[in-house]
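Okay, structure first, notes after.
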Amino acid sequence: MWITQFLATYITAFIHQTWYITVFIWMMMESMIFPVPSEAIMPFAGFLVAMKQFSIWRVIIISTMWSIVGSLVSYAIGYYGGKPFVRKFWKYFLLDQEELDSTEHYFKKRWHITILISRFIPVVRHLISLPAGMGKMDLTQFIIYTVIGAGIRNTFLTLVGKYLKENRELVMKYSHTVDIVVLAILIWIVVRFVYRQLRKKYKRKHK
């Protein structure tokens with residue numbers, strides 16, 4: 001179980017040393033337009049909850065609060081900059097134009113429910129606040145749906161980490177399977193990132 005043990009040991013130690021700072025910075029970035037996954041932080045914060053080092057309510061409140069802050073930044077970019085600004089500077093934020101268009105399509109179909117469920121959809125959750133701002137969605141409703149969606153997701157991931165830490169023996173029993181899954185996920189992330197970069201270069205060369 002060397003992969004998962006390494007991640008659990010060092011990421012948990014890092015979060016513990018930086019207190020709640022890592023949690024709020026990471027969650028703010030995820031809710032903006034940076035492609036960082038909350039799965040890389042929140043379960044390990046849950047580990048610290050199980051170890052009585054963190055308060056579960058503080059973890060959930062802080063992560064959700066800064067998810068809102070990050071979402072509001074993206075909302076403001078979309079609201080005041082509009083589509084011309086986003087399309088002009090998207091590459092500097094590691095955005096993919098096709099993903100942005102797909103997210104905008106999601107938003108236009110059912111904007112209320114999309115804001116809520118977007119927190120559970122990969123890629124979309126990083127970008128959904130942009131079309132919300134561009135579409136001039138009511139700010140109060142945007143905040144309410146963001147709080148609900150982010151709150152549920154952050155609570156779920158924290159509880160997953162807490163459960164895994166409290167049931168360490170069960171996790172150890174399936175350690176090899178867990179390592180394979182973690183390794184597969186890491187490889188998928190790297191391959192996907194390389195593919196996106198190569199596709200961008202190809203598009204620029206053939207414009």
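If you're wondering about the labels, chains in the structure tokens are A, B, ... by order shown, residues count from 1 in each chain, ligands from 1 in order shown.
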**Prompt:** Could you pull the residues within 10 Å of Ala150 (chain A), counting only C-alpha atoms, minus those fewer than 2 positions along the same chain, as a VMD selection string?
**Reply:** chain A and resid 27 31 60 63 to 68 115 to 120 125 145 to 148 152 to 156
**Request:** Could you tell me which of A:Thr158, A:Thr140, A:Ser71, A:Asn167 comes closest to Ser38 (chain A) if we count only C-alpha atoms?
**Result:** A:Thr158
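CA of Thr12 (chain A) is found 10.7 Å from CA of Val49 (chain A).
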**Item:** Spatial neighbours of Phe47 (chain A), max dist 8 Å, only C-alpha atoms, sep filter under 4 positions, as an NGL selection string
**Value:** :A and (12 or 43 or 51 or 158 or 161-162 or 164-165)
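Taking CA of Val69 (chain A) and CA of Phe34 (chain A) as the two end points, the separation is 13.6 Å.
Taking CA of Gly135 (chain A) and CA of Gly151 (chain A) as the two end points, the separation is 23.6 Å.
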**Request:** Skip Gln53 (chain A) itself and residues of its chain fewer than 5 positions away, then list as JSON, numbers by chain all residues within 10 Å of it, counting only C-alpha atoms.
**Result:** {"A": [16, 19, 45, 46, 47, 48]}
What does the file look like for those residues with C-alpha atoms, as a compact mmCIF listing (two decimals), in the first residue's frame?
# COMPACT_ATOMS: atom_id res chain seq x y z
CA HIS A 16 -1.94 19.59 9.57
CA TRP A 19 -3.78 24.24 9.60
CA ALA A 45 -8.83 16.85 5.98
CA GLY A 46 -11.31 14.14 6.96
CA PHE A 47 -8.35 12.07 8.19
CA LEU A 48 -7.47 14.90 10.57
**Message:** Would you pick out the contacts of Leu139 (chain A) at 12 Å or less, using only C-alpha atoms, so that residues sharing its chain but fewer than 2 positions from it are not included, and give the list as a ChimeraX atom specification?
**Reply:** /A:68,71-72,75-76,79,112,115,129,132-137,141-146
Output C-alpha atoms of each residue in that selection to a file, as an mmCIF file, in the first residue's frame.
data_model
loop_
_atom_site.group_PDB
_atom_site.id
_atom_site.type_symbol
_atom_site.label_atom_id
_atom_site.label_comp_id
_atom_site.auth_asym_id
_atom_site.auth_seq_id
_atom_site.Cartn_x
_atom_site.Cartn_y
_atom_site.Cartn_z
ATOM 1 C CA ILE A 68 -18.147 30.487 -2.670
ATOM 2 C CA SER A 71 -17.020 30.922 -7.502
ATOM 3 C CA LEU A 72 -17.751 34.631 -7.042
ATOM 4 C CA TYR A 75 -18.770 34.891 -11.686
ATOM 5 C CA ALA A 76 -17.353 38.443 -11.668
ATOM 6 C CA TYR A 79 -20.239 39.191 -15.511
ATOM 7 C CA HIS A 112 -30.787 26.540 -11.518
ATOM 8 C CA ILE A 115 -25.374 25.320 -10.592
ATOM 9 C CA SER A 129 -19.454 30.187 -12.578
ATOM 10 C CA ALA A 132 -23.445 32.106 -14.709
ATOM 11 C CA GLY A 133 -21.762 35.508 -14.707
ATOM 12 C CA MET A 134 -21.987 35.929 -18.466
ATOM 13 C CA GLY A 135 -25.693 35.088 -18.296
ATOM 14 C CA LYS A 136 -26.196 37.665 -15.507
ATOM 15 C CA MET A 137 -27.716 35.048 -13.192
ATOM 16 C CA GLN A 141 -29.723 32.629 -6.264
ATOM 17 C CA PHE A 142 -26.221 31.897 -7.545
ATOM 18 C CA ILE A 143 -24.825 32.032 -4.010
ATOM 19 C CA ILE A 144 -27.636 29.896 -2.562
ATOM 20 C CA TYR A 145 -27.251 27.113 -5.129
ATOM 21 C CA THR A 146 -23.459 27.271 -4.880
#
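For the set A:Ala50, A:Ile128, A:Ile61, A:Ile56, the residue with the smallest atom-to-atom gap to Met32 (chain A) is A:Ile128, counting only C-alpha atoms.
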